[in-house]
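Student: This is the content of protein-v5.pdb (PDB, C-alpha atoms):
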```pdb
ATOM      1  CA  MET A 166     110.451  92.061  94.697
ATOM      2  CA  ARG A 167     107.171  90.129  94.671
ATOM      3  CA  ARG A 168     105.525  92.705  96.907
ATOM      4  CA  ASN A 169     106.731  95.572  94.705
ATOM      5  CA  LEU A 170     105.419  93.802  91.605
ATOM      6  CA  GLY A 171     102.131  93.351  93.422
ATOM      7  CA  LEU A 172     101.975  97.095  94.097
ATOM      8  CA  VAL A 173     102.726  97.800  90.445
ATOM      9  CA  GLY A 174      99.792  95.507  89.640
ATOM     10  CA  VAL A 175      97.585  97.538  91.995
ATOM     11  CA  LEU A 176      98.623 100.751  90.209
ATOM     12  CA  VAL A 177      97.776  99.167  86.848
ATOM     13  CA  ILE A 178      94.348  98.146  88.157
ATOM     14  CA  LEU A 179      93.715 101.683  89.404
ATOM     15  CA  VAL A 180      94.648 103.077  85.985
ATOM     16  CA  ILE A 181      92.288 100.604  84.309
ATOM     17  CA  ILE A 182      89.500 101.714  86.653
ATOM     18  CA  GLY A 183      90.228 105.303  85.676
ATOM     19  CA  ILE A 184      90.113 104.443  81.969
ATOM     20  CA  VAL A 185      86.785 102.639  82.394
ATOM     21  CA  THR A 186      85.171 105.382  84.503
ATOM     22  CA  ARG A 187      86.545 108.413  82.625
ATOM     23  CA  PRO A 188      87.492 107.241  79.090
ATOM     24  CA  GLU A 189      87.156 110.765  77.683
ATOM     25  CA  LEU A 190      89.980 111.980  79.932
ATOM     26  CA  TYR A 191      92.348 109.047  79.427
ATOM     27  CA  GLY A 192      91.832 109.330  75.695
ATOM     28  CA  ASP A 193      93.765 112.613  75.719
ATOM     29  CA  PRO A 194      97.560 111.937  75.804
ATOM     30  CA  THR A 195      98.307 115.468  77.014
ATOM     31  CA  TRP A 196      95.876 115.119  79.912
ATOM     32  CA  VAL A 197      97.346 111.733  80.834
ATOM     33  CA  LYS A 198     100.885 113.171  80.922
ATOM     34  CA  ASN A 199      99.810 116.138  83.031
ATOM     35  CA  ASN A 200      97.811 113.880  85.342
ATOM     36  CA  VAL A 201     100.821 111.637  85.957
ATOM     37  CA  PHE A 202     102.872 114.659  87.000
ATOM     38  CA  THR A 203      99.957 115.845  89.150
ATOM     39  CA  ILE A 204      99.911 112.525  90.996
ATOM     40  CA  LEU A 205     103.687 112.632  91.483
ATOM     41  CA  GLN A 206     103.553 116.210  92.749
ATOM     42  CA  GLN A 207     100.782 115.326  95.189
ATOM     43  CA  ALA A 208     102.892 112.392  96.375
ATOM     44  CA  SER A 209     106.120 114.385  96.697
ATOM     45  CA  ALA A 210     105.819 115.851 100.204
ATOM     46  CA  ILE A 211     104.207 112.814 101.820
ATOM     47  CA  GLY A 212     106.738 110.644  99.973
ATOM     48  CA  VAL A 213     109.630 112.498 101.578
ATOM     49  CA  VAL A 214     108.007 112.103 105.012
ATOM     50  CA  THR A 215     107.428 108.389 104.359
ATOM     51  CA  VAL A 216     111.143 107.839 103.739
ATOM     52  CA  GLY A 217     111.916 109.065 107.254
ATOM     53  CA  MET A 218     108.974 107.157 108.712
ATOM     54  CA  THR A 219     110.162 103.942 107.063
ATOM     55  CA  PHE A 220     113.539 104.215 108.772
ATOM     56  CA  VAL A 221     111.873 104.787 112.144
ATOM     57  CA  ILE A 222     109.522 101.817 111.769
ATOM     58  CA  ILE A 223     112.284  99.504 110.528
ATOM     59  CA  GLY A 224     114.237 100.546 113.615
ATOM     60  CA  GLY A 225     111.379  99.367 115.821
ATOM     61  CA  GLY A 226     109.742 102.738 116.508
ATOM     62  CA  ILE A 227     106.832 104.874 115.367
ATOM     63  CA  ASP A 228     106.478 108.628 114.851
ATOM     64  CA  LEU A 229     103.025 110.167 115.285
ATOM     65  CA  SER A 230     104.398 113.710 115.306
ATOM     66  CA  VAL A 231     105.520 114.103 111.679
ATOM     67  CA  GLY A 232     102.511 116.198 110.634
ATOM     68  CA  ALA A 233     102.958 118.493 113.621
ATOM     69  CA  ILE A 234     106.695 118.815 112.959
ATOM     70  CA  ILE A 235     105.940 119.867 109.383
ATOM     71  CA  ALA A 236     103.484 122.470 110.666
ATOM     72  CA  LEU A 237     105.952 123.826 113.223
ATOM     73  CA  ALA A 238     108.811 123.926 110.704
ATOM     74  CA  GLY A 239     106.591 125.576 108.103
ATOM     75  CA  VAL A 240     105.248 128.214 110.482
ATOM     76  CA  TRP A 241     108.668 128.969 111.963
ATOM     77  CA  SER A 242     110.238 129.334 108.529
ATOM     78  CA  THR A 243     107.538 131.779 107.336
ATOM     79  CA  THR A 244     107.650 134.252 110.208
ATOM     80  CA  LEU A 245     108.539 137.790 109.160
ATOM     81  CA  ALA A 246     111.853 137.547 111.022
ATOM     82  CA  THR A 247     112.845 134.349 109.221
ATOM     83  CA  GLN A 248     111.715 135.535 105.795
ATOM     84  CA  SER A 249     113.934 138.603 106.173
ATOM     85  CA  TYR A 250     116.924 136.251 105.762
ATOM     86  CA  GLY A 251     115.722 135.105 102.345
ATOM     87  CA  ALA A 252     115.175 131.651 100.896
ATOM     88  CA  ALA A 253     118.355 130.232 102.441
ATOM     89  CA  GLY A 254     117.268 131.365 105.895
ATOM     90  CA  MET A 255     113.807 129.847 105.457
ATOM     91  CA  ILE A 256     115.149 126.499 104.270
ATOM     92  CA  PHE A 257     117.786 126.423 107.026
ATOM     93  CA  THR A 258     115.167 127.194 109.679
ATOM     94  CA  ALA A 259     112.777 124.498 108.460
ATOM     95  CA  LEU A 260     115.522 121.864 108.432
ATOM     96  CA  VAL A 261     116.921 122.841 111.837
ATOM     97  CA  VAL A 262     113.472 122.877 113.452
ATOM     98  CA  GLY A 263     112.676 119.471 111.973
ATOM     99  CA  VAL A 264     115.949 117.905 113.131
ATOM    100  CA  ALA A 265     115.724 119.549 116.577
ATOM    101  CA  VAL A 266     112.226 118.233 117.255
ATOM    102  CA  GLY A 267     113.253 114.822 115.947
ATOM    103  CA  LEU A 268     116.211 114.830 118.346
ATOM    104  CA  VAL A 269     113.889 115.649 121.247
ATOM    105  CA  ASN A 270     111.696 112.694 120.271
ATOM    106  CA  GLY A 271     114.720 110.421 120.097
ATOM    107  CA  VAL A 272     116.125 111.544 123.453
ATOM    108  CA  LEU A 273     112.776 111.098 125.201
ATOM    109  CA  ILE A 274     112.443 107.581 123.783
ATOM    110  CA  SER A 275     116.053 106.431 124.155
ATOM    111  CA  TYR A 276     117.164 108.103 127.358
ATOM    112  CA  GLY A 277     113.810 109.009 128.905
ATOM    113  CA  ARG A 278     112.627 105.441 128.241
ATOM    114  CA  LEU A 279     109.235 106.615 127.000
ATOM    115  CA  VAL A 280     107.251 104.381 124.691
ATOM    116  CA  PRO A 281     107.548 105.794 121.115
ATOM    117  CA  PHE A 282     103.766 105.973 120.800
ATOM    118  CA  ILE A 283     103.446 108.133 123.927
ATOM    119  CA  ALA A 284     106.495 110.328 123.281
ATOM    120  CA  THR A 285     105.565 111.189 119.704
ATOM    121  CA  LEU A 286     101.876 111.578 120.575
ATOM    122  CA  ALA A 287     102.835 114.153 123.207
ATOM    123  CA  MET A 288     105.112 115.876 120.682
ATOM    124  CA  MET A 289     102.293 115.927 118.134
ATOM    125  CA  VAL A 290     100.135 117.925 120.538
ATOM    126  CA  ALA A 291     102.964 120.156 121.763
ATOM    127  CA  ALA A 292     104.305 120.977 118.280
ATOM    128  CA  ARG A 293     100.845 121.875 116.961
ATOM    129  CA  GLY A 294     100.324 124.085 119.991
ATOM    130  CA  LEU A 295     103.666 125.837 119.532
ATOM    131  CA  ALA A 296     102.948 126.351 115.833
ATOM    132  CA  ALA A 297      99.589 127.925 116.699
ATOM    133  CA  GLN A 298     101.279 130.126 119.303
ATOM    134  CA  ILE A 299     103.950 131.344 116.881
ATOM    135  CA  SER A 300     101.476 132.055 114.085
ATOM    136  CA  GLY A 301      98.807 133.491 116.325
ATOM    137  CA  LYS A 302      96.433 130.943 114.803
ATOM    138  CA  GLN A 303      96.739 132.807 111.510
ATOM    139  CA  THR A 304      97.910 131.726 108.069
ATOM    140  CA  GLN A 305     101.384 133.081 107.356
ATOM    141  CA  VAL A 306     101.954 134.016 103.727
ATOM    142  CA  SER A 307     105.290 133.294 102.092
ATOM    143  CA  THR A 308     106.494 136.366 100.204
ATOM    144  CA  ASN A 309     109.733 134.808  99.023
ATOM    145  CA  SER A 310     109.579 134.242  95.272
ATOM    146  CA  THR A 311     112.349 131.624  95.328
ATOM    147  CA  ILE A 312     110.504 129.439  97.841
ATOM    148  CA  ASN A 313     107.180 129.905  96.063
ATOM    149  CA  ALA A 314     108.735 128.993  92.722
ATOM    150  CA  ILE A 315     109.768 125.536  93.928
ATOM    151  CA  ALA A 316     106.241 124.238  93.306
ATOM    152  CA  THR A 317     106.089 125.549  89.742
ATOM    153  CA  THR A 318     109.686 125.083  88.558
ATOM    154  CA  LYS A 319     110.444 122.317  86.054
ATOM    155  CA  ILE A 320     113.823 120.932  85.069
ATOM    156  CA  ALA A 321     113.916 119.141  81.708
ATOM    157  CA  GLY A 322     110.133 119.048  81.851
ATOM    158  CA  ILE A 323     110.060 117.348  85.266
ATOM    159  CA  PRO A 324     108.599 119.279  88.233
ATOM    160  CA  LEU A 325     111.195 120.230  90.832
ATOM    161  CA  LEU A 326     109.034 118.711  93.585
ATOM    162  CA  VAL A 327     109.223 115.331  91.840
ATOM    163  CA  ILE A 328     112.998 115.680  91.484
ATOM    164  CA  ILE A 329     113.324 116.434  95.213
ATOM    165  CA  LEU A 330     111.284 113.314  95.970
ATOM    166  CA  GLY A 331     113.506 111.271  93.656
ATOM    167  CA  VAL A 332     116.676 112.551  95.310
ATOM    168  CA  VAL A 333     115.381 111.836  98.831
ATOM    169  CA  VAL A 334     114.215 108.337  97.855
ATOM    170  CA  THR A 335     117.562 107.591  96.197
ATOM    171  CA  LEU A 336     119.557 108.792  99.198
ATOM    172  CA  GLY A 337     117.239 106.869 101.518
ATOM    173  CA  TRP A 338     117.707 103.683  99.500
ATOM    174  CA  VAL A 339     121.497 104.052  99.547
ATOM    175  CA  LEU A 340     121.492 104.806 103.282
ATOM    176  CA  LEU A 341     119.367 101.760 104.100
ATOM    177  CA  ASN A 342     120.912  99.239 101.725
ATOM    178  CA  ARG A 343     124.513 100.300 101.228
ATOM    179  CA  THR A 344     125.699 101.711 104.550
ATOM    180  CA  THR A 345     126.459 100.543 108.067
ATOM    181  CA  PHE A 346     123.717 102.863 109.321
ATOM    182  CA  GLY A 347     121.126 100.925 107.338
ATOM    183  CA  ARG A 348     122.351  97.549 108.545
ATOM    184  CA  ARG A 349     122.310  98.786 112.127
ATOM    185  CA  THR A 350     118.769 100.079 111.673
ATOM    186  CA  VAL A 351     117.575  96.641 110.580
ATOM    187  CA  ALA A 352     119.483  95.010 113.445
ATOM    188  CA  VAL A 353     118.037  97.357 116.080
ATOM    189  CA  GLY A 354     114.499  96.834 114.810
ATOM    190  CA  GLY A 355     114.892  93.086 114.443
ATOM    191  CA  ASN A 356     116.335  92.359 117.880
ATOM    192  CA  THR A 357     117.337  95.215 120.161
ATOM    193  CA  GLU A 358     119.192  93.063 122.684
ATOM    194  CA  ALA A 359     121.143  91.211 119.999
ATOM    195  CA  ALA A 360     122.072  94.549 118.410
ATOM    196  CA  ARG A 361     123.308  95.837 121.774
ATOM    197  CA  LEU A 362     125.385  92.720 122.368
ATOM    198  CA  ALA A 363     126.842  93.132 118.874
ATOM    199  CA  GLY A 364     128.270  96.490 119.934
ATOM    200  CA  ILE A 365     125.663  98.836 118.464
ATOM    201  CA  ASN A 366     124.838 101.910 120.541
ATOM    202  CA  VAL A 367     121.101 101.304 120.355
ATOM    203  CA  ARG A 368     120.102 104.453 122.225
ATOM    204  CA  TRP A 369     122.158 106.822 120.088
ATOM    205  CA  HIS A 370     121.100 105.060 116.900
ATOM    206  CA  THR A 371     117.451 105.502 117.862
ATOM    207  CA  VAL A 372     118.051 109.211 118.421
ATOM    208  CA  LEU A 373     119.555 109.466 114.927
ATOM    209  CA  LEU A 374     116.548 107.678 113.392
ATOM    210  CA  TYR A 375     114.132 110.231 114.822
ATOM    211  CA  ALA A 376     116.438 113.080 113.793
ATOM    212  CA  LEU A 377     116.368 111.676 110.253
ATOM    213  CA  SER A 378     112.576 111.603 110.361
ATOM    214  CA  GLY A 379     112.603 115.232 111.529
ATOM    215  CA  LEU A 380     114.940 116.186 108.681
ATOM    216  CA  CYS A 381     112.508 114.705 106.159
ATOM    217  CA  CYS A 382     109.712 116.685 107.830
ATOM    218  CA  GLY A 383     111.714 119.889 107.429
ATOM    219  CA  ILE A 384     112.164 119.206 103.708
ATOM    220  CA  ALA A 385     108.444 118.436 103.354
ATOM    221  CA  ALA A 386     107.592 121.689 105.175
ATOM    222  CA  ILE A 387     109.377 123.739 102.514
ATOM    223  CA  MET A 388     107.686 121.737  99.741
ATOM    224  CA  LEU A 389     104.204 122.269 101.195
ATOM    225  CA  THR A 390     104.885 125.925 101.930
ATOM    226  CA  SER A 391     105.871 126.386  98.299
ATOM    227  CA  GLN A 392     102.730 124.656  97.045
ATOM    228  CA  ALA A 393     100.396 126.723  99.229
ATOM    229  CA  THR A 394     102.622 129.870  99.295
ATOM    230  CA  SER A 395     101.796 129.914 103.004
ATOM    231  CA  ALA A 396     102.036 127.949 106.237
ATOM    232  CA  GLN A 397      99.711 127.431 109.186
ATOM    233  CA  ALA A 398      99.440 125.358 112.334
ATOM    234  CA  ALA A 399      96.880 123.031 110.718
ATOM    235  CA  MET A 400      99.010 122.105 107.698
ATOM    236  CA  ALA A 401     100.000 118.480 107.023
ATOM    237  CA  ASN A 402      97.029 117.209 109.020
ATOM    238  CA  LEU A 403      97.033 113.388 109.390
ATOM    239  CA  TYR A 404     100.295 113.077 107.438
ATOM    240  CA  GLU A 405     101.510 110.684 110.111
ATOM    241  CA  LEU A 406      98.726 108.235 109.253
ATOM    242  CA  ASP A 407      99.370 108.494 105.517
ATOM    243  CA  ALA A 408     103.112 107.951 105.996
ATOM    244  CA  ILE A 409     102.619 104.948 108.288
ATOM    245  CA  ALA A 410     100.030 103.478 105.924
ATOM    246  CA  ALA A 411     102.292 103.906 102.882
ATOM    247  CA  ALA A 412     105.202 102.251 104.685
ATOM    248  CA  ILE A 413     103.010  99.307 105.731
ATOM    249  CA  ILE A 414     101.570  98.921 102.233
ATOM    250  CA  GLY A 415     105.155  98.884 100.959
ATOM    251  CA  GLY A 416     106.034  95.908 103.159
ATOM    252  CA  THR A 417     107.533  97.531 106.252
ATOM    253  CA  LEU A 418     106.807  95.453 109.360
ATOM    254  CA  LEU A 419     105.200  97.403 112.214
ATOM    255  CA  SER A 420     107.241  95.280 114.610
ATOM    256  CA  GLY A 421     110.447  96.490 112.950
ATOM    257  CA  GLY A 422     113.411  94.761 111.377
ATOM    258  CA  ARG A 423     112.216  94.726 107.789
ATOM    259  CA  GLY A 424     111.177  97.222 105.128
ATOM    260  CA  THR A 425     112.182  98.850 101.859
ATOM    261  CA  ILE A 426     112.313 102.417 100.631
ATOM    262  CA  ILE A 427     111.117 101.460  97.136
ATOM    263  CA  GLY A 428     108.164  99.574  98.596
ATOM    264  CA  ALA A 429     107.253 102.604 100.713
ATOM    265  CA  LEU A 430     107.395 104.804  97.600
ATOM    266  CA  PHE A 431     105.009 102.455  95.804
ATOM    267  CA  GLY A 432     102.725 102.658  98.839
ATOM    268  CA  VAL A 433     102.683 106.451  98.551
ATOM    269  CA  LEU A 434     101.918 106.237  94.828
ATOM    270  CA  VAL A 435      99.043 103.812  95.455
ATOM    271  CA  PHE A 436      97.388 106.220  97.887
ATOM    272  CA  SER A 437      98.054 109.260  95.686
ATOM    273  CA  THR A 438      96.579 107.435  92.681
ATOM    274  CA  ILE A 439      93.494 106.503  94.709
ATOM    275  CA  THR A 440      93.093 110.150  95.745
ATOM    276  CA  ASN A 441      93.438 111.252  92.117
ATOM    277  CA  LEU A 442      90.967 108.593  90.964
ATOM    278  CA  PHE A 443      88.383 109.766  93.462
ATOM    279  CA  ALA A 444      88.958 113.397  92.470
ATOM    280  CA  ILE A 445      88.419 112.890  88.726
ATOM    281  CA  ASN A 446      85.262 110.900  89.485
ATOM    282  CA  ASN A 447      83.976 113.581  91.885
ATOM    283  CA  LEU A 448      83.689 111.104  94.785
ATOM    284  CA  SER A 449      83.637 112.274  98.389
ATOM    285  CA  THR A 450      86.628 112.378 100.706
ATOM    286  CA  GLU A 451      84.701 110.283 103.231
ATOM    287  CA  VAL A 452      84.498 107.345 100.839
ATOM    288  CA  GLN A 453      88.166 107.776  99.988
ATOM    289  CA  ASN A 454      89.124 107.591 103.664
ATOM    290  CA  MET A 455      87.060 104.432 104.121
ATOM    291  CA  VAL A 456      88.853 102.819 101.183
ATOM    292  CA  LYS A 457      92.240 103.824 102.608
ATOM    293  CA  GLY A 458      91.291 102.387 105.980
ATOM    294  CA  GLY A 459      90.287  99.107 104.381
ATOM    295  CA  ILE A 460      93.586  98.917 102.493
ATOM    296  CA  ILE A 461      95.573  99.495 105.690
ATOM    297  CA  VAL A 462      93.682  96.758 107.561
ATOM    298  CA  ALA A 463      94.134  94.348 104.652
ATOM    299  CA  ALA A 464      97.880  95.083 104.467
ATOM    300  CA  VAL A 465      98.393  94.434 108.196
ATOM    301  CA  LEU A 466      96.365  91.213 108.044
ATOM    302  CA  ILE A 467      98.448  90.002 105.103
ATOM    303  CA  GLN A 468     101.647  90.823 106.993
ATOM    304  CA  GLN A 469     100.484  88.874 110.052
ATOM    305  CA  PHE A 470      99.415  85.897 107.944
ATOM    306  CA  ARG A 471     102.746  85.761 106.106
ATOM    307  CA  PHE A 472     104.753  86.205 109.310
ATOM    308  CA  ARG A 473     102.862  83.404 111.070
ATOM    309  CA  SER A 474     103.246  81.143 108.055
ATOM    310  CA  VAL A 475     107.013  81.657 107.953
ATOM    311  CA  THR A 476     107.272  81.186 111.721
ATOM    312  CA  GLN A 477     105.342  77.940 111.579
ATOM    313  CA  LEU A 478     107.474  76.734 108.685
ATOM    314  CA  LEU A 479     110.706  77.468 110.538
ATOM    315  CA  GLY A 480     109.313  75.887 113.674
ATOM    316  CA  ARG A 481     108.502  72.548 112.073
ATOM    317  CA  LYS A 482     110.570  69.604 113.127
ATOM    318  CA  PRO A 483     111.734  67.205 110.446
ATOM    319  CA  THR A 484     109.776  63.973 110.404
ATOM    320  CA  SER A 485     111.644  60.692 110.503
TER     321      SER A 485
END
```
With the file now loaded, output its structure as structure tokens.
Tutor:
Amino acid sequence: MRRNLGLVGVLVILVIIGIVTRPELYGDPTWVKNNVFTILQQASAIGVVTVGMTFVIIGGGIDLSVGAIIALAGVWSTTLATQSYGAAGMIFTALVVGVAVGLVNGVLISYGRLVPFIATLAMMVAARGLAAQISGKQTQVSTNSTINAIATTKIAGIPLLVIILGVVVTLGWVLLNRTTFGRRTVAVGGNTEAARLAGINVRWHTVLLYALSGLCCGIAAIMLTSQATSAQAAMANLYELDAIAAAIIGGTLLSGGRGTIIGALFGVLVFSTITNLFAINNLSTEVQNMVKGGIIVAAVLIQQFRFRSVTQLLGRKPTS
């Protein structure tokens, strides 16, 4: 709760910076409302990916292939053959491709005994290559009006992309905090051997975690395809870094065993707000990336400091 309140404080500070630097924009209520929805829409796809990434990290793993999985799912779902089956066929293809690649990652890590960093790094390269092969290194245009309309549709004044993000976050929160699957995820990430001795099938659970991450990538692929009305092998570039960074900012331990979906969502919103702040002030992407890098380093240092402090406290012997 304290960390989440801290992230809310960061968002407030970013808004204050925006008001100070561009008072003429923030003085217009209509612009402010539209800008809030713009930030949420920009955060929607990466937010969905971050939900899956948070589960993987809590479970003691890492997934460097999420951006490539999105690209592969997006390209595969926008081929002429797939589009001939309509919107349902495109969505089904994106989800199946995402889950299938996630399952491959999980099997390589659990049963192939590959380090998650190596397995997902190899998949990142392979998936990008396959996406480029399928698309012929060309941008594939989505001609399906239903898919394209996802990015512009509003329900009760709320963009559909934001609603999708809300649904995924809600389901992710319930899965992590109110189900056996969530408790097992925390147990596996906290102490693998203890989880195994407690009767948890650690290998199979790890496979499911990566499949869940792949499912989120498939959803994000449809969202990005709708926004761009196209897909290409280079889409979702560096999404893996943004998702990992958002999860860390939200309080997820890189060593596993602890993390929250709400915290990860706040992490996504912090980065999306920073991006928006830089955009309205016409600042370069290079400076933005440097700021993001600094925030990531600071978050990891804070995590290490707090973890060491708690460890030292628990390790103290009572004085007589």
Student: Rank A:Ala236, A:Val351, A:Leu362, A:Leu245 by their smallest atom-to-atom distance to A:Val262, using all atoms listed in the file, and report the top residue only.
Tutor: A:Ala236
Student: Please determine the residues with any atom at most 10 Å from (116.9, 101.3, 114.9) (coordinates as given in the file, with all atoms listed in the file counting) and report them as a VMD selection string.
Tutor: chain A and resid 220 to 226 346 to 357 360 365 to 375 421 to 422
Student: Work out how far apart atom CA of A:Phe443 and atom CA of A:Ile184 are and give it in Å to one decimal.
Tutor: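 Those two atoms sit 12.8 Å apart.
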Student: Mind working out the centre and edge lengths of an axis-aligned box for stretch 307-326 of chain A, all listed atoms inside, 6 Å added to each side, rounded to one decimal in Å and written as lines of an AutoDock Vina configuration file?
Tutor:
```
center_x = 109.6
center_y = 126.9
center_z = 91.9
size_x = 20.6
size_y = 31.0
size_z = 32.4
```
Student: May I ask for the distance between atom CA of A:Ala412 and atom CA of A:Val213, given in Å to one decimal place?
Tutor: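 Here the two named atoms are 11.6 Å from each other.
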Student: Which value, in Å to one decimal, gives the distance between atom CA of A:Ile460 and atom CA of A:Val332?
Tutor: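 Separation of atom CA of A:Ile460 and atom CA of A:Val332: 27.8 Å.
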